[in-house]
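**Student:** Dropping the structure in here first, questions after.
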Amino acid sequence: MLDWTVFYPPDTRVLALPSWRSPRLYLPTQSFIQRWEDSAFYPAFRFLARLYRLSLRTSAAVGLGEVRQVQSSGWPLGEFVRDVFPNVGSAVILVGTPGPTQKITVRVLSRQGEVLGYLKYAEKEAARKRLRHERRLIGDLPGKVGPEVLQFGPFGKGEALLTSALVGTRVPATLPPPEASRNFLNTLSVSPLVDLEVHPWVRQICAEGGPDLDSWLETLGDKRWPVAVQHGDFAPWNLLRRPDGTLGAIDWEYGTLEGFPHLDLAYYVLQVSALVYRHAPPKAADSTVRYLTQRPQLGLSIEEARVITRLAAYDAYLKSREDGQHEDVGLQGWRRRVWEG
């Protein structure tokens with residue numbers, strides 16, 4: 001059970017959505033407008049989920065629902081961030097999906113209710129491992145493609161990563177991916193072309209073993225490929241469109257500096273197909289191949305696009321398995337059907 005009180009100053013009145021029995025979002029009561037704005041942090045991407053979120057936000061804004069008051073003499077979150085954000089005033093807490101890598105995402109607010117930055121908090125060891133990895137990776141990212149690391153260290157019963165806030169609006173969870181997504185990924189190639197057999201990502205995934213990777217990779221062996229920064233969870237819920245139209249990405253915990261090109265694009269289509277459109281794996285795989293081959297600038301044949309699609313599904317499968325997710329349940333089983341094809 002999350003000790004939500006450590007994130008709020010003493011005597012703060014807090015509302016939980018959808019309820020205190022099954023909280024996903026905690027927010028300070030404050031004013032009508034502030035409750036309406038803060039409750040937008042509740043995640044929703046499918047149409048029915050957005051309708052549900054609208055009803056929750058309306059209830060929160062008008063003051064419906066049980067309110068609880070923080071009974072404590074200190075404020076651990078304020079102490080953790082005050083050197084970076086001396087004007088810290090409160091927070092909005094988003095509870096991640098339960099599981100081995102569950103994390104808490106905290107929107108840190110100023111005394112005036114403005115967003116200062118974000119804190120990610122993890123207690124379980126698998127989640128801490130991902131958090132440490134994200135901290136290292138963000139520090140090595142080229143340009144301004146992601147947030148900046150502001151602070152990292154022990155917090156509560158776990159560890160916390162404090163980052164700057166990216167300014168922008170959420171990307172709609174629709175297909176095809178926005179054209180800006182390809183422009184974003186084009187900036188992440190970090191090496192000249194290399195032969196497939198010496199590509200670091202290929203060497204790593206071959207070391208994992210598993211399906212008939214040799215036959216898959218044989219299709220890609222006639223070309224040389226760049227090494228690219230790979231986000232690893234490239235999906236609309238992790239992207240923000242900046243005021244100038246460019247994209248920025250958050251949540252780099254599955255990223256690598258030695259990734260393979262086009263995997264992020266394939267992953268994007270697969271994730272949205274699975275989680276938003278609820279497509280069956282064969283239909284999602286066909287949509288991904290079609291998307292990749294219809295972009296001439298990618299230069300992919302149909303067979304190459306099929307391999308990229310399978311590799312994207314298999315790569316995501318391996319990462320979730322490493323996190324402790326069951327190999328054949330839910331999205332893992334769905335991914336297996338994609339790469340078994």
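Just remember, in the structure tokens the first chain shown is A, the second B, etc., residues are 1-based per chain, and ligands are 1-based in the order shown.
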Within 8 Å of range 277-292 of chain A, counting only C-alpha atoms, which residues qualify if same-chain residues fewer than 6 places away don't, as a ChimeraX atom specification?

**Tutor:** /A:46,176,266,269-270,298,300,302,305-306,309,334-335,337-338,341

**Student:** Mind dumping the selected residues with N, CA and C atoms as a compact mmCIF listing (two decimals), in the first residue's frame?

**Tutor:**
# COMPACT_ATOMS: atom_id res chain seq x y z
N ARG A 46 -8.23 5.29 -24.87
CA ARG A 46 -9.35 4.80 -25.66
C ARG A 46 -10.56 5.69 -25.43
N PRO A 176 -2.11 6.31 -38.37
CA PRO A 176 -0.70 5.98 -38.23
C PRO A 176 0.01 6.94 -37.27
N ALA A 266 7.94 0.45 -35.40
CA ALA A 266 7.14 -0.78 -35.42
C ALA A 266 6.46 -0.99 -34.07
N VAL A 269 3.28 1.21 -33.63
CA VAL A 269 2.08 0.70 -34.30
C VAL A 269 1.53 -0.52 -33.58
N LEU A 270 2.40 -1.40 -33.13
CA LEU A 270 1.96 -2.60 -32.42
C LEU A 270 1.28 -2.25 -31.11
N LEU A 298 12.14 5.04 -45.60
CA LEU A 298 12.70 3.98 -44.75
C LEU A 298 13.46 2.96 -45.59
N LEU A 300 12.50 0.02 -46.86
CA LEU A 300 12.32 -1.36 -46.41
C LEU A 300 11.47 -2.15 -47.40
N ILE A 302 9.10 -5.60 -48.19
CA ILE A 302 8.06 -6.24 -47.38
C ILE A 302 8.67 -7.26 -46.43
N ALA A 305 10.42 -5.48 -43.61
CA ALA A 305 9.44 -4.92 -42.68
C ALA A 305 8.84 -5.99 -41.80
N ARG A 306 8.62 -7.18 -42.34
CA ARG A 306 8.10 -8.29 -41.52
C ARG A 306 9.09 -8.66 -40.43
N THR A 309 9.12 -6.01 -37.74
CA THR A 309 7.92 -6.14 -36.90
C THR A 309 8.07 -7.28 -35.90
N TRP A 334 0.07 -11.94 -26.58
CA TRP A 334 -0.24 -11.21 -27.83
C TRP A 334 1.03 -11.00 -28.64
N ARG A 335 2.10 -10.56 -27.97
CA ARG A 335 3.36 -10.33 -28.66
C ARG A 335 3.93 -11.64 -29.24
N ARG A 337 2.34 -14.12 -30.36
CA ARG A 337 1.62 -14.45 -31.58
C ARG A 337 2.08 -13.58 -32.74
N VAL A 338 2.56 -12.38 -32.46
CA VAL A 338 3.11 -11.53 -33.53
C VAL A 338 4.41 -12.11 -34.04
N GLY A 341 4.09 -15.44 -35.70
CA GLY A 341 3.54 -15.08 -37.00
C GLY A 341 2.77 -16.09 -37.75

**Student:** Please, which residues of range 224-337 of chain A, numbered as in this document, come out alpha helix (DSSP H) from DSSP, as a ChimeraX atom specification?

**Tutor:** /A:263-275,281-293,302-322,331-337

**Student:** With N, CA and C atoms retained, export the selected residues as a short mmCIF file (atom, residue, chain, number, x, y, z; two decimals), in the first residue's frame.

**Tutor:**
data_model
loop_
_atom_site.label_atom_id
_atom_site.label_comp_id
_atom_site.auth_asym_id
_atom_site.auth_seq_id
_atom_site.Cartn_x
_atom_site.Cartn_y
_atom_site.Cartn_z
N LEU A 263 12.82 -0.09 -35.10
CA LEU A 263 12.11 -0.88 -34.09
C LEU A 263 11.12 -0.02 -33.31
N ASP A 264 11.49 1.21 -32.99
CA ASP A 264 10.59 2.07 -32.26
C ASP A 264 9.31 2.36 -33.05
N LEU A 265 9.45 2.59 -34.35
CA LEU A 265 8.27 2.85 -35.18
C LEU A 265 7.35 1.63 -35.21
N ALA A 266 7.94 0.45 -35.40
CA ALA A 266 7.14 -0.78 -35.42
C ALA A 266 6.46 -0.99 -34.07
N TYR A 267 7.19 -0.75 -33.00
CA TYR A 267 6.64 -0.90 -31.65
C TYR A 267 5.45 0.03 -31.45
N TYR A 268 5.57 1.26 -31.93
CA TYR A 268 4.49 2.24 -31.79
C TYR A 268 3.19 1.69 -32.39
N VAL A 269 3.28 1.21 -33.63
CA VAL A 269 2.08 0.70 -34.30
C VAL A 269 1.53 -0.52 -33.58
N LEU A 270 2.40 -1.40 -33.13
CA LEU A 270 1.96 -2.60 -32.42
C LEU A 270 1.28 -2.25 -31.11
N GLN A 271 1.87 -1.34 -30.32
CA GLN A 271 1.29 -0.99 -29.03
C GLN A 271 -0.08 -0.33 -29.18
N VAL A 272 -0.19 0.61 -30.09
CA VAL A 272 -1.49 1.27 -30.29
C VAL A 272 -2.51 0.28 -30.84
N SER A 273 -2.08 -0.60 -31.73
CA SER A 273 -2.99 -1.63 -32.25
C SER A 273 -3.52 -2.52 -31.14
N ALA A 274 -2.63 -2.90 -30.22
CA ALA A 274 -3.01 -3.82 -29.15
C ALA A 274 -3.84 -3.14 -28.07
N LEU A 275 -3.38 -1.97 -27.60
CA LEU A 275 -3.95 -1.38 -26.39
C LEU A 275 -5.08 -0.38 -26.67
N PRO A 281 -3.35 -10.04 -33.10
CA PRO A 281 -1.95 -9.97 -33.53
C PRO A 281 -1.72 -10.03 -35.04
N PRO A 282 -2.40 -10.93 -35.80
CA PRO A 282 -2.14 -10.94 -37.25
C PRO A 282 -2.51 -9.62 -37.92
N LYS A 283 -3.63 -9.02 -37.52
CA LYS A 283 -4.03 -7.75 -38.11
C LYS A 283 -3.05 -6.64 -37.73
N ALA A 284 -2.61 -6.64 -36.47
CA ALA A 284 -1.64 -5.63 -36.02
C ALA A 284 -0.32 -5.78 -36.76
N ALA A 285 0.13 -7.02 -36.95
CA ALA A 285 1.39 -7.25 -37.67
C ALA A 285 1.28 -6.78 -39.12
N ASP A 286 0.16 -7.10 -39.77
CA ASP A 286 -0.04 -6.66 -41.16
C ASP A 286 -0.06 -5.14 -41.25
N SER A 287 -0.71 -4.48 -40.29
CA SER A 287 -0.77 -3.02 -40.29
C SER A 287 0.62 -2.42 -40.12
N THR A 288 1.42 -3.05 -39.29
CA THR A 288 2.78 -2.55 -39.05
C THR A 288 3.64 -2.69 -40.29
N VAL A 289 3.56 -3.85 -40.92
CA VAL A 289 4.34 -4.08 -42.15
C VAL A 289 3.91 -3.10 -43.23
N ARG A 290 2.62 -2.91 -43.36
CA ARG A 290 2.11 -1.98 -44.37
C ARG A 290 2.60 -0.55 -44.10
N TYR A 291 2.55 -0.15 -42.84
CA TYR A 291 3.01 1.20 -42.51
C TYR A 291 4.49 1.37 -42.85
N LEU A 292 5.32 0.41 -42.48
CA LEU A 292 6.76 0.52 -42.71
C LEU A 292 7.10 0.53 -44.20
N THR A 293 6.42 -0.29 -44.98
CA THR A 293 6.75 -0.37 -46.41
C THR A 293 6.18 0.79 -47.22
N ILE A 302 9.10 -5.60 -48.19
CA ILE A 302 8.06 -6.24 -47.38
C ILE A 302 8.67 -7.26 -46.43
N GLU A 303 9.63 -8.04 -46.91
CA GLU A 303 10.25 -9.05 -46.05
C GLU A 303 11.05 -8.40 -44.93
N GLU A 304 11.75 -7.33 -45.23
CA GLU A 304 12.50 -6.62 -44.18
C GLU A 304 11.54 -6.04 -43.15
N ALA A 305 10.42 -5.48 -43.61
CA ALA A 305 9.44 -4.92 -42.68
C ALA A 305 8.84 -5.99 -41.80
N ARG A 306 8.62 -7.18 -42.34
CA ARG A 306 8.10 -8.29 -41.52
C ARG A 306 9.09 -8.66 -40.43
N VAL A 307 10.36 -8.70 -40.76
CA VAL A 307 11.37 -9.04 -39.77
C VAL A 307 11.46 -7.95 -38.70
N ILE A 308 11.45 -6.70 -39.12
CA ILE A 308 11.48 -5.59 -38.16
C ILE A 308 10.29 -5.68 -37.21
N THR A 309 9.12 -6.01 -37.74
CA THR A 309 7.92 -6.14 -36.90
C THR A 309 8.07 -7.28 -35.90
N ARG A 310 8.57 -8.41 -36.35
CA ARG A 310 8.78 -9.53 -35.44
C ARG A 310 9.81 -9.19 -34.37
N LEU A 311 10.89 -8.54 -34.79
CA LEU A 311 11.94 -8.18 -33.83
C LEU A 311 11.43 -7.17 -32.80
N ALA A 312 10.58 -6.25 -33.23
CA ALA A 312 10.03 -5.27 -32.29
C ALA A 312 9.18 -5.96 -31.23
N ALA A 313 8.34 -6.92 -31.67
CA ALA A 313 7.50 -7.66 -30.73
C ALA A 313 8.36 -8.52 -29.81
N TYR A 314 9.38 -9.16 -30.36
CA TYR A 314 10.22 -10.04 -29.56
C TYR A 314 11.06 -9.24 -28.56
N ASP A 315 11.56 -8.09 -28.98
CA ASP A 315 12.34 -7.23 -28.09
C ASP A 315 11.50 -6.79 -26.90
N ALA A 316 10.26 -6.36 -27.17
CA ALA A 316 9.36 -5.95 -26.08
C ALA A 316 9.02 -7.13 -25.18
N TYR A 317 8.87 -8.29 -25.77
CA TYR A 317 8.59 -9.51 -25.02
C TYR A 317 9.73 -9.81 -24.04
N LEU A 318 10.97 -9.70 -24.53
CA LEU A 318 12.13 -9.98 -23.67
C LEU A 318 12.22 -9.01 -22.50
N LYS A 319 11.96 -7.73 -22.77
CA LYS A 319 12.04 -6.73 -21.71
C LYS A 319 10.99 -6.97 -20.64
N SER A 320 9.78 -7.32 -21.07
CA SER A 320 8.72 -7.59 -20.09
C SER A 320 9.01 -8.87 -19.32
N ARG A 321 9.60 -9.85 -19.98
CA ARG A 321 9.96 -11.09 -19.29
C ARG A 321 11.03 -10.81 -18.24
N GLU A 322 11.97 -9.94 -18.58
CA GLU A 322 13.00 -9.55 -17.62
C GLU A 322 12.38 -8.87 -16.40
N LEU A 331 -0.59 -9.14 -22.71
CA LEU A 331 0.17 -8.57 -23.81
C LEU A 331 1.36 -9.43 -24.20
N GLN A 332 1.91 -10.19 -23.27
CA GLN A 332 3.02 -11.08 -23.61
C GLN A 332 2.58 -12.16 -24.59
N GLY A 333 1.44 -12.76 -24.32
CA GLY A 333 0.91 -13.76 -25.25
C GLY A 333 0.58 -13.15 -26.60
N TRP A 334 0.07 -11.94 -26.58
CA TRP A 334 -0.24 -11.21 -27.83
C TRP A 334 1.03 -11.00 -28.64
N ARG A 335 2.10 -10.56 -27.97
CA ARG A 335 3.36 -10.33 -28.66
C ARG A 335 3.93 -11.64 -29.24
N ARG A 336 3.81 -12.68 -28.47
CA ARG A 336 4.31 -13.97 -28.95
C ARG A 336 3.62 -14.36 -30.26
N ARG A 337 2.34 -14.12 -30.36
CA ARG A 337 1.62 -14.45 -31.58
C ARG A 337 2.08 -13.58 -32.74
#

**Student:** Counting only C-alpha atoms, which residues of range 91-204 of chain A sit at most 7 Å from some atom of range 236-247 of chain A, and what is each one's closest atom pair with its distance in Å to one decimal, listed by chain and rising residue number, as JSON lines?

**Tutor:**
{"residue": "A:Val167", "atom": "CA", "partner": "A:Arg242", "partner_atom": "CA", "distance": 6.1}
{"residue": "A:Gly168", "atom": "CA", "partner": "A:Arg242", "partner_atom": "CA", "distance": 4.2}
{"residue": "A:Thr169", "atom": "CA", "partner": "A:Arg241", "partner_atom": "CA", "distance": 5.2}
{"residue": "A:Arg170", "atom": "CA", "partner": "A:Leu240", "partner_atom": "CA", "distance": 4.8}
{"residue": "A:Val171", "atom": "CA", "partner": "A:Pro236", "partner_atom": "CA", "distance": 5.3}
{"residue": "A:Pro172", "atom": "CA", "partner": "A:Pro236", "partner_atom": "CA", "distance": 6.4}
{"residue": "A:Ala173", "atom": "CA", "partner": "A:Pro236", "partner_atom": "CA", "distance": 5.4}
{"residue": "A:Ala180", "atom": "CA", "partner": "A:Thr246", "partner_atom": "CA", "distance": 6.4}
{"residue": "A:Ser181", "atom": "CA", "partner": "A:Leu247", "partner_atom": "CA", "distance": 6.9}
{"residue": "A:Phe184", "atom": "CA", "partner": "A:Leu247", "partner_atom": "CA", "distance": 6.3}

**Student:** Counting only C-alpha atoms, which residue out of A:Phe45, A:Gly156, A:Leu162, A:Val227 sits closest to Phe85 in chain A?

**Tutor:**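 The answer is A:Leu162, which sits nearest to Phe85 in chain A.
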
**Student:** As a PyMOL selection string, list the residues of range 96-243 of chain A assigned to strand (DSSP E) by DSSP on the backbone atoms of this structure.

**Tutor:** chain A and resi 103-110+115-122+149-155+158-164+169-170+189-195+224-230+239-241

**Student:** Write out the residues from the selection above, keeping N, CA and C atoms, as a short mmCIF file (atom, residue, chain, number, x, y, z; two decimals), in the first residue's frame.

**Tutor:**
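See part_35.cif below for the written result:
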data_model
loop_
_atom_site.label_atom_id
_atom_site.label_comp_id
_atom_site.auth_asym_id
_atom_site.auth_seq_id
_atom_site.Cartn_x
_atom_site.Cartn_y
_atom_site.Cartn_z
N LYS A 103 5.67 1.78 -10.68
CA LYS A 103 6.28 3.04 -10.26
C LYS A 103 5.18 4.06 -9.97
N ILE A 104 5.54 5.04 -9.18
CA ILE A 104 4.68 6.17 -8.86
C ILE A 104 5.24 7.39 -9.59
N THR A 105 4.40 8.08 -10.35
CA THR A 105 4.82 9.29 -11.03
C THR A 105 4.17 10.48 -10.35
N VAL A 106 5.00 11.42 -9.94
CA VAL A 106 4.53 12.57 -9.17
C VAL A 106 4.76 13.84 -9.97
N ARG A 107 3.69 14.57 -10.19
CA ARG A 107 3.80 15.90 -10.81
C ARG A 107 4.04 16.89 -9.69
N VAL A 108 5.21 17.49 -9.67
CA VAL A 108 5.58 18.41 -8.60
C VAL A 108 5.08 19.81 -8.95
N LEU A 109 4.32 20.40 -8.03
CA LEU A 109 3.68 21.69 -8.27
C LEU A 109 4.29 22.79 -7.42
N SER A 110 4.25 24.00 -7.95
CA SER A 110 4.67 25.17 -7.18
C SER A 110 3.54 25.60 -6.24
N VAL A 115 3.37 23.46 -12.86
CA VAL A 115 4.18 22.24 -12.91
C VAL A 115 5.66 22.61 -12.92
N LEU A 116 6.39 22.10 -11.93
CA LEU A 116 7.82 22.35 -11.83
C LEU A 116 8.64 21.23 -12.46
N GLY A 117 8.23 20.01 -12.25
CA GLY A 117 8.97 18.85 -12.74
C GLY A 117 8.24 17.58 -12.37
N TYR A 118 8.91 16.45 -12.59
CA TYR A 118 8.29 15.16 -12.31
C TYR A 118 9.24 14.29 -11.50
N LEU A 119 8.67 13.55 -10.58
CA LEU A 119 9.43 12.61 -9.76
C LEU A 119 8.86 11.22 -9.99
N LYS A 120 9.76 10.27 -10.28
CA LYS A 120 9.35 8.87 -10.41
C LYS A 120 9.91 8.12 -9.20
N TYR A 121 9.04 7.35 -8.58
CA TYR A 121 9.39 6.68 -7.32
C TYR A 121 9.16 5.19 -7.48
N ALA A 122 10.12 4.39 -7.02
CA ALA A 122 10.04 2.93 -7.13
C ALA A 122 10.47 2.29 -5.83
N VAL A 149 17.87 15.12 -15.97
CA VAL A 149 17.92 14.58 -14.61
C VAL A 149 18.32 15.70 -13.67
N LEU A 150 17.50 15.91 -12.64
CA LEU A 150 17.78 16.96 -11.66
C LEU A 150 18.28 16.41 -10.33
N GLN A 151 17.81 15.20 -9.98
CA GLN A 151 18.22 14.62 -8.70
C GLN A 151 17.84 13.15 -8.68
N PHE A 152 18.62 12.35 -7.98
CA PHE A 152 18.33 10.93 -7.83
C PHE A 152 18.85 10.47 -6.47
N GLY A 153 18.08 9.62 -5.79
CA GLY A 153 18.55 9.12 -4.52
C GLY A 153 17.49 8.40 -3.74
N PRO A 154 17.82 7.94 -2.52
CA PRO A 154 16.85 7.25 -1.67
C PRO A 154 15.69 8.17 -1.31
N PHE A 155 14.51 7.58 -1.27
CA PHE A 155 13.32 8.33 -0.88
C PHE A 155 12.31 7.34 -0.32
N GLY A 158 12.04 3.50 -1.02
CA GLY A 158 12.64 3.14 -2.29
C GLY A 158 13.61 4.19 -2.79
N GLU A 159 13.55 4.45 -4.10
CA GLU A 159 14.41 5.42 -4.74
C GLU A 159 13.57 6.33 -5.61
N ALA A 160 14.07 7.55 -5.87
CA ALA A 160 13.31 8.51 -6.65
C ALA A 160 14.21 9.21 -7.65
N LEU A 161 13.64 9.47 -8.83
CA LEU A 161 14.31 10.19 -9.90
C LEU A 161 13.52 11.46 -10.19
N LEU A 162 14.16 12.60 -10.03
CA LEU A 162 13.52 13.89 -10.28
C LEU A 162 14.03 14.43 -11.61
N THR A 163 13.10 14.78 -12.52
CA THR A 163 13.47 15.29 -13.83
C THR A 163 12.75 16.60 -14.10
N SER A 164 13.26 17.31 -15.09
CA SER A 164 12.61 18.53 -15.54
C SER A 164 11.31 18.18 -16.26
N THR A 169 2.08 19.15 -25.49
CA THR A 169 0.78 18.49 -25.38
C THR A 169 0.91 17.02 -25.76
N ARG A 170 0.05 16.20 -25.20
CA ARG A 170 0.08 14.77 -25.48
C ARG A 170 -0.23 14.49 -26.95
N SER A 189 20.01 8.48 -34.79
CA SER A 189 21.08 7.63 -35.31
C SER A 189 22.41 8.15 -34.79
N VAL A 190 23.22 7.25 -34.25
CA VAL A 190 24.45 7.70 -33.58
C VAL A 190 25.71 7.14 -34.20
N SER A 191 25.60 6.42 -35.34
CA SER A 191 26.80 5.87 -35.95
C SER A 191 26.62 5.76 -37.45
N PRO A 192 27.73 5.63 -38.18
CA PRO A 192 27.63 5.28 -39.60
C PRO A 192 27.05 3.87 -39.74
N LEU A 193 26.79 3.46 -40.97
CA LEU A 193 26.27 2.13 -41.23
C LEU A 193 27.31 1.07 -40.85
N VAL A 194 26.83 -0.03 -40.26
CA VAL A 194 27.71 -1.15 -39.89
C VAL A 194 27.11 -2.44 -40.42
N ASP A 195 27.96 -3.44 -40.60
CA ASP A 195 27.48 -4.75 -41.03
C ASP A 195 26.58 -5.35 -39.95
N ARG A 224 23.66 -2.77 -44.66
CA ARG A 224 24.34 -2.28 -43.47
C ARG A 224 23.38 -1.33 -42.76
N TRP A 225 23.45 -1.31 -41.40
CA TRP A 225 22.45 -0.59 -40.63
C TRP A 225 23.13 0.33 -39.61
N PRO A 226 22.55 1.49 -39.34
CA PRO A 226 23.14 2.36 -38.33
C PRO A 226 22.82 1.89 -36.92
N VAL A 227 23.63 2.26 -35.97
CA VAL A 227 23.30 2.11 -34.55
C VAL A 227 22.48 3.35 -34.17
N ALA A 228 21.39 3.13 -33.45
CA ALA A 228 20.48 4.24 -33.13
C ALA A 228 20.12 4.22 -31.65
N VAL A 229 19.87 5.40 -31.10
CA VAL A 229 19.27 5.47 -29.78
C VAL A 229 17.84 4.93 -29.90
N GLN A 230 17.51 3.97 -29.08
CA GLN A 230 16.18 3.34 -29.12
C GLN A 230 15.44 3.66 -27.83
N LEU A 239 5.01 10.53 -25.44
CA LEU A 239 5.47 11.59 -26.34
C LEU A 239 4.72 12.88 -26.05
N LEU A 240 5.42 13.99 -26.24
CA LEU A 240 4.83 15.32 -26.10
C LEU A 240 5.18 16.15 -27.32
N ARG A 241 4.18 16.85 -27.85
CA ARG A 241 4.42 17.73 -28.98
C ARG A 241 4.72 19.14 -28.45
#

**Student:** Pick from A:Val276, A:Val329, A:Ile250, A:Val6: nearest to Thr174 in chain A, with only C-alpha atoms counted?

**Tutor:**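 Result for the nearest residue to Thr174 in chain A: A:Val276.
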